[in-house]
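Dumped model36.csv below, it's CSV, C-alpha atoms and all ligand atoms:
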chain,number,residue,atom,x,y,z
A,1,MET,CA,-32.0,3.4,3.4
A,2,SER,CA,-29.5,0.9,2.0
A,3,GLU,CA,-31.3,0.7,-1.3
A,4,HIS,CA,-31.5,4.5,-1.5
A,5,VAL,CA,-27.7,5.0,-0.9
A,6,ARG,CA,-26.9,2.4,-3.5
A,7,GLN,CA,-29.2,3.9,-6.0
A,8,LEU,CA,-27.7,7.3,-5.6
A,9,GLU,CA,-24.2,6.1,-6.0
A,10,ASP,CA,-25.1,3.9,-9.0
A,11,ARG,CA,-26.9,6.8,-10.6
A,12,PHE,CA,-24.4,9.6,-10.1
A,13,GLN,CA,-21.0,8.0,-9.7
A,14,LEU,CA,-18.9,6.7,-12.6
A,15,PRO,CA,-19.1,2.9,-12.5
A,16,THR,CA,-15.3,2.4,-12.1
A,17,TYR,CA,-15.5,0.0,-9.2
A,18,LYS,CA,-17.4,-3.3,-8.9
A,19,LYS,CA,-18.6,-2.7,-5.3
A,20,PHE,CA,-19.5,-5.1,-2.5
A,21,PRO,CA,-23.3,-4.8,-2.1
A,22,LEU,CA,-22.8,-3.1,1.3
A,23,VAL,CA,-23.4,0.3,2.7
A,24,ILE,CA,-20.7,0.8,5.2
A,25,GLU,CA,-21.4,3.6,7.7
A,26,ARG,CA,-19.0,3.1,10.5
A,27,GLY,CA,-15.7,1.5,11.3
A,28,ASP,CA,-14.3,0.3,14.6
A,29,ASP,CA,-10.8,-1.2,14.6
A,30,VAL,CA,-11.0,-4.3,12.4
A,31,TRP,CA,-14.7,-4.1,12.1
A,32,LEU,CA,-17.0,-2.3,9.7
A,33,LEU,CA,-20.7,-1.6,10.4
A,34,THR,CA,-23.4,-1.5,7.7
A,35,ASP,CA,-26.4,0.8,7.8
A,36,GLN,CA,-28.3,-2.3,8.8
A,37,GLY,CA,-26.2,-2.8,11.9
A,38,GLU,CA,-24.4,-5.8,10.6
A,39,ARG,CA,-20.7,-6.3,11.4
A,40,TYR,CA,-18.1,-7.2,8.8
A,41,LEU,CA,-14.6,-8.3,9.6
A,42,ASP,CA,-12.3,-6.1,7.4
A,43,LEU,CA,-9.4,-8.1,6.1
A,44,TYR,CA,-8.9,-5.8,3.2
A,45,GLY,CA,-8.5,-2.4,5.0
A,46,GLY,CA,-10.1,-0.4,2.1
A,47,HIS,CA,-7.2,-1.2,-0.2
A,48,ALA,CA,-4.6,-1.6,2.6
A,49,VAL,CA,-5.3,1.8,4.1
A,50,ALA,CA,-6.7,1.1,7.5
A,51,VAL,CA,-3.2,0.7,9.1
A,52,THR,CA,-4.3,1.5,12.7
A,53,GLY,CA,-7.7,0.0,12.3
A,54,HIS,CA,-10.8,2.1,11.6
A,55,CYS,CA,-11.3,5.2,13.7
A,56,HIS,CA,-8.6,4.5,16.2
A,57,ARG,CA,-9.5,6.8,19.1
A,58,ARG,CA,-6.0,8.4,19.3
A,59,VAL,CA,-6.0,9.1,15.6
A,60,VAL,CA,-9.6,10.5,15.8
A,61,ALA,CA,-8.6,12.7,18.7
A,62,ALA,CA,-5.5,14.0,16.9
A,63,ILE,CA,-7.6,14.8,13.8
A,64,GLN,CA,-10.3,16.5,15.9
A,65,ARG,CA,-7.7,18.6,17.7
A,66,GLN,CA,-6.2,19.7,14.4
A,67,VAL,CA,-9.5,20.5,12.8
A,68,GLU,CA,-10.3,22.9,15.6
A,69,LYS,CA,-7.0,24.7,15.1
A,70,LEU,CA,-6.3,24.8,11.4
A,71,ILE,CA,-7.6,22.5,8.7
A,72,PHE,CA,-5.3,23.7,5.9
A,73,TYR,CA,-2.6,25.9,4.9
A,74,SER,CA,-0.1,25.2,2.1
A,75,ASN,CA,3.7,24.8,2.2
A,76,LEU,CA,4.1,28.6,2.0
A,77,VAL,CA,4.1,28.8,5.7
A,78,TYR,CA,5.6,26.8,8.6
A,79,ASN,CA,3.2,24.8,10.7
A,80,ASP,CA,3.6,22.9,14.0
A,81,ALA,CA,1.7,19.7,12.8
A,82,ARG,CA,3.9,19.5,9.7
A,83,ALA,CA,7.1,20.0,11.7
A,84,GLU,CA,6.2,17.2,14.1
A,85,ALA,CA,5.2,14.9,11.2
A,86,VAL,CA,8.4,15.3,9.2
A,87,GLN,CA,10.5,14.7,12.3
A,88,LYS,CA,8.6,11.6,13.3
A,89,LEU,CA,8.6,10.2,9.8
A,90,ILE,CA,12.3,10.7,9.2
A,91,GLU,CA,13.0,9.2,12.6
A,92,ILE,CA,11.6,5.8,11.5
A,93,ALA,CA,12.7,6.1,7.8
A,94,PRO,CA,15.3,3.7,6.5
A,95,VAL,CA,18.8,5.0,7.4
A,96,GLY,CA,20.0,7.3,4.6
A,97,LEU,CA,16.6,8.7,3.7
A,98,SER,CA,16.6,12.1,5.4
A,99,LYS,CA,14.1,14.4,3.6
A,100,VAL,CA,10.5,14.2,2.6
A,101,PHE,CA,8.1,15.8,0.1
A,102,PHE,CA,4.5,15.3,1.0
A,103,VAL,CA,1.8,14.6,-1.6
A,104,ASN,CA,-1.7,13.2,-1.6
A,105,SER,CA,-1.6,9.8,-3.0
A,106,GLY,CA,0.5,6.9,-4.2
A,107,ALA,CA,0.3,7.8,-7.8
A,108,GLU,CA,1.3,11.4,-7.1
A,109,ALA,CA,4.3,10.2,-5.0
A,110,ASN,CA,5.5,7.9,-7.9
A,111,GLU,CA,4.8,10.6,-10.5
A,112,ASN,CA,7.2,12.9,-8.5
A,113,ALA,CA,9.7,10.2,-8.0
A,114,ILE,CA,9.9,9.6,-11.7
A,115,LYS,CA,10.2,13.3,-12.5
A,116,LEU,CA,12.9,13.6,-9.8
A,117,ALA,CA,14.9,10.8,-11.3
A,118,ARG,CA,14.7,12.3,-14.8
A,119,LYS,CA,15.5,15.8,-13.6
A,120,LEU,CA,18.5,14.9,-11.4
A,121,THR,CA,20.1,12.5,-13.9
A,122,GLY,CA,19.3,14.4,-17.0
A,123,ARG,CA,18.3,11.0,-18.5
A,124,THR,CA,14.8,9.8,-19.5
A,125,GLY,CA,14.8,6.0,-19.2
A,126,ILE,CA,12.7,4.3,-16.5
A,127,ILE,CA,12.9,0.6,-15.9
A,128,SER,CA,10.1,-1.0,-14.0
A,129,PHE,CA,8.7,-4.5,-13.7
A,130,GLU,CA,6.1,-6.7,-15.2
A,131,GLY,CA,3.3,-7.1,-12.7
A,132,GLY,CA,4.2,-4.0,-10.7
A,133,PHE,CA,1.5,-1.5,-9.9
A,134,HIS,CA,2.3,2.2,-9.4
A,135,GLY,CA,-0.9,4.2,-9.8
A,136,ARG,CA,-3.2,5.6,-12.5
A,137,THR,CA,-1.6,9.0,-13.4
A,138,MET,CA,0.3,8.9,-16.7
A,139,ALA,CA,3.9,8.4,-15.7
A,140,ALA,CA,2.9,6.1,-12.8
A,141,LEU,CA,0.7,4.1,-15.2
A,142,SER,CA,3.4,4.0,-17.8
A,143,ALA,CA,5.6,2.4,-15.1
A,144,THR,CA,2.8,-0.1,-14.2
A,145,GLY,CA,3.8,-3.4,-15.7
A,146,SER,CA,0.4,-4.8,-16.6
A,147,SER,CA,-1.1,-4.1,-20.0
A,148,LYS,CA,-4.7,-4.3,-18.8
A,149,TYR,CA,-4.3,-0.9,-17.2
A,150,HIS,CA,-2.9,0.6,-20.4
A,151,LYS,CA,-5.8,-0.3,-22.7
A,152,GLY,CA,-7.1,2.5,-24.8
A,153,ILE,CA,-4.8,5.3,-23.4
A,154,ALA,CA,-1.8,5.0,-25.6
A,155,PRO,CA,0.6,6.6,-26.2
A,156,LEU,CA,2.1,6.2,-22.7
A,157,VAL,CA,4.9,8.4,-21.4
A,158,PRO,CA,7.9,7.5,-23.5
A,159,ASP,CA,11.1,5.7,-22.4
A,160,HIS,CA,9.4,3.4,-19.9
A,161,HIS,CA,10.7,-0.2,-20.1
A,162,HIS,CA,9.2,-3.2,-18.3
A,163,VAL,CA,11.3,-6.3,-17.5
A,164,PRO,CA,10.3,-9.5,-15.8
A,165,PHE,CA,10.1,-9.2,-12.0
A,166,GLY,CA,13.0,-10.9,-10.2
A,167,ASP,CA,15.1,-11.2,-13.3
A,168,LEU,CA,18.4,-9.4,-12.7
A,169,GLN,CA,19.8,-10.4,-16.0
A,170,ALA,CA,16.9,-8.8,-17.8
A,171,VAL,CA,17.6,-5.5,-15.9
A,172,ALA,CA,21.3,-5.7,-16.6
A,173,ALA,CA,20.4,-6.1,-20.3
A,174,LYS,CA,18.4,-2.9,-20.3
A,175,MET,CA,20.8,-0.9,-18.2
A,176,ASN,CA,22.8,1.8,-19.9
A,177,GLU,CA,23.7,5.5,-19.5
A,178,THR,CA,20.2,6.6,-20.6
A,179,VAL,CA,18.4,5.0,-17.6
A,180,ALA,CA,17.3,7.6,-15.0
A,181,GLY,CA,15.8,5.2,-12.5
A,182,VAL,CA,14.6,1.8,-11.7
A,183,LEU,CA,11.2,1.8,-10.0
A,184,LEU,CA,10.3,-1.3,-8.0
A,185,GLU,CA,7.2,-2.4,-6.0
A,186,PRO,CA,9.2,-4.7,-3.8
A,187,ILE,CA,6.3,-7.1,-3.1
A,188,GLN,CA,4.0,-7.0,-6.1
A,189,SER,CA,0.6,-6.9,-4.4
A,190,MET,CA,-1.9,-6.6,-7.2
A,191,ALA,CA,0.0,-9.1,-9.3
A,192,GLY,CA,-0.8,-11.7,-6.6
A,193,VAL,CA,1.6,-10.9,-3.8
A,194,ARG,CA,4.9,-11.8,-5.4
A,195,MET,CA,8.3,-11.5,-3.9
A,196,ALA,CA,11.8,-11.8,-5.4
A,197,SER,CA,15.0,-13.1,-3.9
A,198,ALA,CA,17.4,-11.2,-1.7
A,199,GLU,CA,19.9,-11.3,-4.5
A,200,PHE,CA,17.5,-9.5,-6.8
A,201,TYR,CA,16.9,-6.6,-4.4
A,202,GLN,CA,20.6,-6.3,-3.7
A,203,GLY,CA,21.6,-6.7,-7.3
A,204,LEU,CA,19.3,-3.9,-8.4
A,205,ARG,CA,21.1,-1.6,-6.0
A,206,ARG,CA,24.5,-2.6,-7.4
A,207,LEU,CA,23.3,-2.1,-11.0
A,208,CYS,CA,21.9,1.3,-10.2
A,209,ASN,CA,25.2,2.3,-8.6
A,210,GLN,CA,27.1,1.0,-11.6
A,211,TYR,CA,25.1,2.9,-14.2
A,212,GLY,CA,24.4,6.0,-12.1
A,213,ALA,CA,20.6,5.4,-12.1
A,214,LEU,CA,18.4,6.1,-9.1
A,215,LEU,CA,16.7,3.2,-7.3
A,216,ILE,CA,13.1,4.0,-6.4
A,217,TYR,CA,11.2,1.8,-4.0
A,218,ASP,CA,7.5,2.1,-4.2
A,219,GLU,CA,6.6,1.2,-0.6
A,220,VAL,CA,3.0,2.5,-1.0
A,221,GLN,CA,1.7,-0.8,0.1
A,222,THR,CA,4.7,-2.4,1.8
A,223,GLY,CA,5.5,0.6,4.0
A,224,MET,CA,4.2,1.7,7.4
A,225,GLY,CA,4.6,-1.6,9.1
A,226,ARG,CA,2.5,-3.8,6.8
A,227,THR,CA,5.4,-6.4,6.4
A,228,GLY,CA,6.1,-6.5,10.1
A,229,GLU,CA,8.9,-3.9,9.7
A,230,PHE,CA,8.3,-0.2,9.0
A,231,PHE,CA,9.7,-0.6,5.5
A,232,PHE,CA,10.7,-3.4,3.2
A,233,ALA,CA,14.0,-2.0,1.7
A,234,PRO,CA,16.2,-2.4,4.8
A,235,ARG,CA,15.2,-6.1,5.1
A,236,TRP,CA,17.9,-6.9,2.5
A,237,GLY,CA,20.2,-4.1,3.5
A,238,VAL,CA,19.1,-1.9,0.6
A,239,THR,CA,18.9,1.9,0.8
A,240,PRO,CA,16.9,3.2,-2.2
A,241,ASP,CA,17.6,6.7,-3.4
A,242,ILE,CA,13.9,7.5,-3.3
A,243,MET,CA,11.1,5.8,-1.5
A,244,THR,CA,7.4,6.5,-2.0
A,245,LEU,CA,4.6,6.0,0.5
A,246,ALA,CA,0.9,6.5,0.7
A,247,LYS,CA,-2.1,4.2,1.6
A,248,GLY,CA,-2.3,4.1,5.4
A,249,ILE,CA,0.4,6.6,6.4
A,250,ALA,CA,-2.2,8.9,7.8
A,251,SER,CA,-4.7,6.2,8.7
A,252,GLY,CA,-7.0,7.1,5.8
A,253,VAL,CA,-6.6,10.8,5.6
A,254,PRO,CA,-5.3,11.1,2.0
A,255,MET,CA,-1.5,11.5,2.1
A,256,GLY,CA,1.5,10.4,0.2
A,257,ALA,CA,5.2,11.0,0.6
A,258,VAL,CA,8.4,11.0,-1.4
A,259,LEU,CA,11.5,10.3,0.8
A,260,VAL,CA,15.0,11.0,-0.5
A,261,THR,CA,18.6,10.7,0.5
A,262,GLU,CA,20.6,13.8,1.5
A,263,ALA,CA,22.5,13.6,-1.8
A,264,ILE,CA,19.3,14.0,-3.7
A,265,ALA,CA,17.9,16.6,-1.3
A,266,SER,CA,20.9,18.8,-1.8
A,267,ARG,CA,20.1,19.1,-5.5
A,268,VAL,CA,16.4,20.0,-5.1
A,269,GLY,CA,15.5,23.7,-4.9
A,270,TYR,CA,12.6,26.2,-4.8
A,271,GLY,CA,9.9,25.5,-7.3
A,272,ASP,CA,11.2,22.1,-8.4
A,273,PHE,CA,8.1,20.4,-7.1
A,274,GLY,CA,4.8,21.6,-5.9
A,275,THR,CA,1.4,20.4,-4.7
A,276,THR,CA,-1.3,22.4,-3.0
A,277,PHE,CA,-2.6,20.0,-0.5
A,278,GLY,CA,0.6,17.9,0.2
A,279,GLY,CA,1.7,18.3,3.8
A,280,GLY,CA,-1.5,19.9,5.0
A,281,PRO,CA,-1.8,20.1,8.8
A,282,LEU,CA,-4.7,17.7,9.0
A,283,ALA,CA,-2.9,14.9,7.1
A,284,CYS,CA,0.2,15.6,9.1
A,285,ALA,CA,-1.6,15.4,12.5
A,286,ALA,CA,-3.0,12.1,11.3
A,287,LEU,CA,0.4,10.8,10.2
A,288,THR,CA,2.0,11.7,13.6
A,289,ALA,CA,-0.9,10.0,15.4
A,290,THR,CA,-0.5,6.9,13.2
A,291,LEU,CA,3.2,6.6,14.0
A,292,GLU,CA,2.5,7.0,17.7
A,293,VAL,CA,-0.1,4.3,17.7
A,294,ILE,CA,2.1,1.9,15.8
A,295,ALA,CA,4.9,2.4,18.4
A,296,GLN,CA,2.7,2.5,21.5
A,297,GLU,CA,0.7,-0.6,20.6
A,298,GLN,CA,3.7,-2.4,19.3
A,299,LEU,CA,1.9,-3.1,16.1
A,300,LEU,CA,5.0,-4.3,14.2
A,301,ASP,CA,5.4,-7.1,16.8
A,302,ASN,CA,1.7,-7.8,16.4
A,303,VAL,CA,1.9,-8.1,12.7
A,304,ARG,CA,4.9,-10.5,12.8
A,305,GLN,CA,3.3,-12.7,15.5
A,306,GLN,CA,-0.3,-12.8,14.1
A,307,SER,CA,1.0,-13.2,10.5
A,308,ARG,CA,2.8,-16.4,11.5
A,309,TYR,CA,-0.3,-17.7,13.2
A,310,LEU,CA,-2.5,-16.8,10.2
A,311,MET,CA,-0.1,-18.5,7.8
A,312,GLU,CA,0.2,-21.6,9.9
A,313,ARG,CA,-3.6,-22.0,10.2
A,314,CYS,CA,-4.1,-21.3,6.5
A,315,GLN,CA,-1.5,-23.7,5.4
A,316,ALA,CA,-3.5,-26.5,7.1
A,317,LEU,CA,-6.5,-26.0,4.8
A,318,SER,CA,-6.6,-28.5,1.9
A,319,SER,CA,-7.8,-25.9,-0.7
A,320,VAL,CA,-4.8,-23.7,0.0
A,321,GLU,CA,-1.8,-24.3,-2.3
A,322,GLN,CA,0.5,-21.6,-1.1
A,323,ILE,CA,0.7,-18.4,1.0
A,324,THR,CA,3.0,-15.6,-0.2
A,325,GLY,CA,4.0,-12.3,1.1
A,326,LEU,CA,5.0,-11.0,4.5
A,327,GLY,CA,3.3,-9.7,7.6
A,328,PHE,CA,-0.2,-8.5,6.7
A,329,LEU,CA,0.4,-8.3,3.0
A,330,LEU,CA,-0.5,-11.9,2.2
A,331,GLY,CA,-1.7,-13.8,-0.9
A,332,ILE,CA,-3.5,-17.0,-0.3
A,333,ARG,CA,-3.3,-19.1,-3.5
A,334,PHE,CA,-6.1,-21.6,-3.9
A,335,LYS,CA,-6.3,-24.5,-6.2
A,336,GLN,CA,-9.6,-23.1,-7.4
A,337,PRO,CA,-10.4,-19.5,-8.5
A,338,ALA,CA,-10.2,-17.2,-5.5
A,339,ALA,CA,-13.4,-15.3,-6.4
A,340,ALA,CA,-15.5,-18.2,-5.1
A,341,PHE,CA,-13.7,-18.0,-1.7
A,342,GLN,CA,-14.1,-14.2,-1.6
A,343,GLN,CA,-17.9,-14.6,-2.2
A,344,GLY,CA,-18.2,-17.3,0.4
A,345,LEU,CA,-16.3,-15.2,2.9
A,346,LEU,CA,-18.5,-12.2,2.1
A,347,GLN,CA,-21.6,-14.2,2.9
A,348,ARG,CA,-20.0,-14.9,6.3
A,349,ARG,CA,-19.3,-11.2,6.6
A,350,ILE,CA,-15.6,-11.1,6.0
A,351,LEU,CA,-14.1,-8.7,3.4
A,352,THR,CA,-11.0,-9.8,1.5
A,353,GLY,CA,-9.4,-8.7,-1.8
A,354,LEU,CA,-8.7,-10.3,-5.2
A,355,ALA,CA,-5.6,-9.9,-7.3
A,356,ASP,CA,-4.8,-9.9,-11.0
A,357,ASP,CA,-3.9,-13.5,-10.5
A,358,PRO,CA,-7.3,-15.2,-10.4
A,359,HIS,CA,-6.2,-17.9,-7.9
A,360,VAL,CA,-5.0,-15.4,-5.3
A,361,LEU,CA,-7.0,-14.0,-2.4
A,362,ARG,CA,-5.4,-11.0,-0.8
A,363,VAL,CA,-5.4,-10.3,2.9
A,364,LEU,CA,-4.5,-6.8,3.8
A,365,PRO,CA,-6.0,-6.2,7.3
A,366,PRO,CA,-5.3,-3.4,9.8
A,367,LEU,CA,-2.1,-4.0,11.7
A,368,THR,CA,-4.3,-4.4,14.8
A,369,LEU,CA,-5.7,-7.7,13.8
A,370,ARG,CA,-5.5,-10.3,16.5
A,371,GLN,CA,-5.9,-14.0,17.1
A,372,PRO,CA,-9.6,-14.2,17.8
A,373,GLU,CA,-10.4,-12.5,14.5
A,374,ILE,CA,-7.9,-14.7,12.7
A,375,ASP,CA,-9.7,-17.8,14.1
A,376,LEU,CA,-13.0,-16.4,12.8
A,377,PHE,CA,-11.5,-16.0,9.4
A,378,ILE,CA,-10.0,-19.5,9.3
A,379,ASN,CA,-13.2,-21.1,10.5
A,380,ALA,CA,-15.2,-19.2,7.8
A,381,LEU,CA,-12.6,-20.2,5.2
A,382,SER,CA,-12.9,-23.9,6.1
A,383,GLN,CA,-16.7,-23.7,5.9
A,384,VAL,CA,-16.3,-22.1,2.4
A,385,GLU,CA,-13.8,-24.8,1.5
A,386,GLU,CA,-16.3,-27.6,2.4
A,387,GLU,CA,-19.0,-25.9,0.5
A,388,LEU,CA,-16.9,-25.6,-2.6
A,389,LEU,CA,-15.6,-29.2,-2.5
A,401,LIG,N1,1.8,1.9,-5.7
A,401,LIG,C1,1.3,0.8,-5.1
A,401,LIG,C2,2.2,-0.3,-4.8
A,401,LIG,C3,-0.1,0.7,-4.9
A,401,LIG,O1,-0.6,-0.5,-4.4
A,401,LIG,C4,-0.9,1.7,-5.3
A,401,LIG,C5,-2.4,1.6,-5.1
A,401,LIG,O2,-3.0,0.6,-5.0
A,401,LIG,C6,-0.4,2.9,-5.8
A,401,LIG,C7,1.0,3.0,-6.0
A,401,LIG,C8,-1.2,4.1,-6.2
A,401,LIG,O3,-1.7,4.7,-5.1
A,401,LIG,P1,-3.0,5.7,-5.2
A,401,LIG,O4,-4.2,4.8,-5.5
A,401,LIG,O5,-3.0,6.3,-3.8
A,401,LIG,O6,-2.7,6.7,-6.2

Output the file's structure in the form of structure tokens.
Ligand code: PLP
Amino acid sequence: MSEHVRQLEDRFQLPTYKKFPLVIERGDDVWLLTDQGERYLDLYGGHAVAVTGHCHRRVVAAIQRQVEKLIFYSNLVYNDARAEAVQKLIEIAPVGLSKVFFVNSGAEANENAIKLARKLTGRTGIISFEGGFHGRTMAALSATGSSKYHKGIAPLVPDHHHVPFGDLQAVAAKMNETVAGVLLEPIQSMAGVRMASAEFYQGLRRLCNQYGALLIYDEVQTGMGRTGEFFFAPRWGVTPDIMTLAKGIASGVPMGAVLVTEAIASRVGYGDFGTTFGGGPLACAALTATLEVIAQEQLLDNVRQQSRYLMERCQALSSVEQITGLGFLLGIRFKQPAAAFQQGLLQRRILTGLADDPHVLRVLPPLTLRQPEIDLFINALSQVEEELL
């Protein structure tokens, strides 16, 4: 069976991803099950998506209930699942962000955020950061600050400017009255889990205010509790004008969101934006259930506690140079290339992620990860370390 599944995908699917040689059929919390009945510990979460773990029973039940009632209708009608989801999401949103536009992915959320900034300011310039990742659609890609994603598709969307991450002077030098927005991935995950200083985040807010540009936080990866708080922006007292979300907001049912301040919302009208599937009842039911699980199971506390434990234990390993990031968005920097560690872990049935920085292994597990599984991971990592010495 395994071979058959792999052959079919290899034959008919474009080869855009270098896959793990696994056929995953089931998921249960932090575990994945192959068609051979082997269990893998999932410290990657399917690109940071499995926020509540795989197939959390409350999320599954909410999806099942919704599927029986109404799978889809667009934003042309009101719907109970959508009404509940918008209320619940705005309740936990950073203070000041009071309205939401639902979409289907991170790229779509950023695409709309960029359009919104241009439309509302009447300007065209977008400043973003070297190393930031914002998605694969044209504007989101043009904002992505890594040339490897741009190869062969020029010309990009005009008036996008990349400056070094964490460098406020560089932003100030690019700021003027043609800049519509500054788009920031506050912890640069793909670049190797890089964070900037508090002064940088706060300084960006000041610069945007000074020049009348909109500050856009791409919290596609940092949002929904991954850092141990619901969102990153309030950590340094920053309220962005626009915040984008996606990944695990509906526990794996595709969904994205663009949250905005009241000042922005008051200037958006009928027909300004659109999407067929955004805010569909199924995704909305999954979002509400996801938020309920995070609250009921105190997953933010869990992330903070277990992240500390994971970092402490990791730091004790001799091959580890540094651990970066927050909560369950962690980058483990090895003295040697991280790919060898990823392979060694895979042989021990643990999934992790790589980054554009070849020395960094990314750990993006479900927020439900607990100490026994962290111990498994650390033990496996020390075995791999010994093997590679
Ligand atoms: N923004 C960030 C920070 C991301 O990590 C990603 C995806 O990895 C995206 C945007 C794009 O999201 P999607 O793949 O859902 O379009």

Would you list the residues that come within 10 Å of ligand LIG 401 (chain A)? Count only C-alpha atoms and all ligand atoms and give the answer as a ChimeraX atom specification. /A:47-49,103-111,132-137,140-141,144,184-191,217-223,244-248,254-256

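Using all atoms listed in the file, the nearest neighbour of Val67 (chain A) within the list A:Cys284, A:Gly145, A:Trp31, A:Met243 is A:Cys284.
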
Identify the residues within 10 Å of coordinate (-15.2, -20.2, 3.9) (same frame as the file), considering all atoms listed in the file, and give the answer as JSON, numbers by chain. {"A": [340, 341, 342, 343, 344, 345, 346, 347, 348, 350, 376, 377, 378, 379, 380, 381, 382, 383, 384, 385, 386, 387, 388]}

Counting all atoms listed in the file, which residues of region 189-254 of chain A fall within 12 Å of region 302-312 of chain A, and what is the closest atom pair for each with its distance in Å at one decimal, ordered by chain and rising number, as JSON lines?
{"residue": "A:Met224", "atom": "CA", "partner": "A:Val303", "partner_atom": "CA", "distance": 11.4}
{"residue": "A:Gly225", "atom": "CA", "partner": "A:Val303", "partner_atom": "CA", "distance": 7.9}
{"residue": "A:Arg226", "atom": "CA", "partner": "A:Val303", "partner_atom": "CA", "distance": 7.3}
{"residue": "A:Thr227", "atom": "CA", "partner": "A:Val303", "partner_atom": "CA", "distance": 7.4}
{"residue": "A:Gly228", "atom": "CA", "partner": "A:Arg304", "partner_atom": "CA", "distance": 5.0}
{"residue": "A:Glu229", "atom": "CA", "partner": "A:Arg304", "partner_atom": "CA", "distance": 8.3}
{"residue": "A:Phe230", "atom": "CA", "partner": "A:Val303", "partner_atom": "CA", "distance": 10.8}

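If you count all atoms listed in the file and ignore residues fewer than 6 places along the chain from Arg26 (chain A), what sits within 9 Å of it is Leu32, Leu33, Thr34, Asp35, His54 and Cys55 of chain A.
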
Is it possible to get the residues within 7 Å of (14.8, -8.4, -9.8) (coordinates as in the file, counting only C-alpha atoms) written as a PyMOL selection string? chain A and resi 165-168+196+200-201+204

Here CA of Gly131 (chain A) and CA of Pro164 (chain A) stand apart by 8.0 Å

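With all atoms listed in the file taken into account, the protein and nucleic acid residues at most 7 Å from Val30 (chain A) (excluding it and anything under 2 positions from it in its own chain) are Asp28, Leu32, Leu41, Asp42, Gly53, His54, Pro366 and Leu369 of chain A.
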
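Of the listed residues (A:Thr178, A:Ser146, A:Gln7, A:Ser98), A:Ser98 comes nearest to Ser266 (chain A); the distances count only C-alpha atoms.
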
Could you pull the residues within 10 Å of Asp272 (chain A), counting all atoms listed in the file, minus those fewer than 6 positions along the same chain, as a VMD selection string? chain A and resid 115 to 116 119
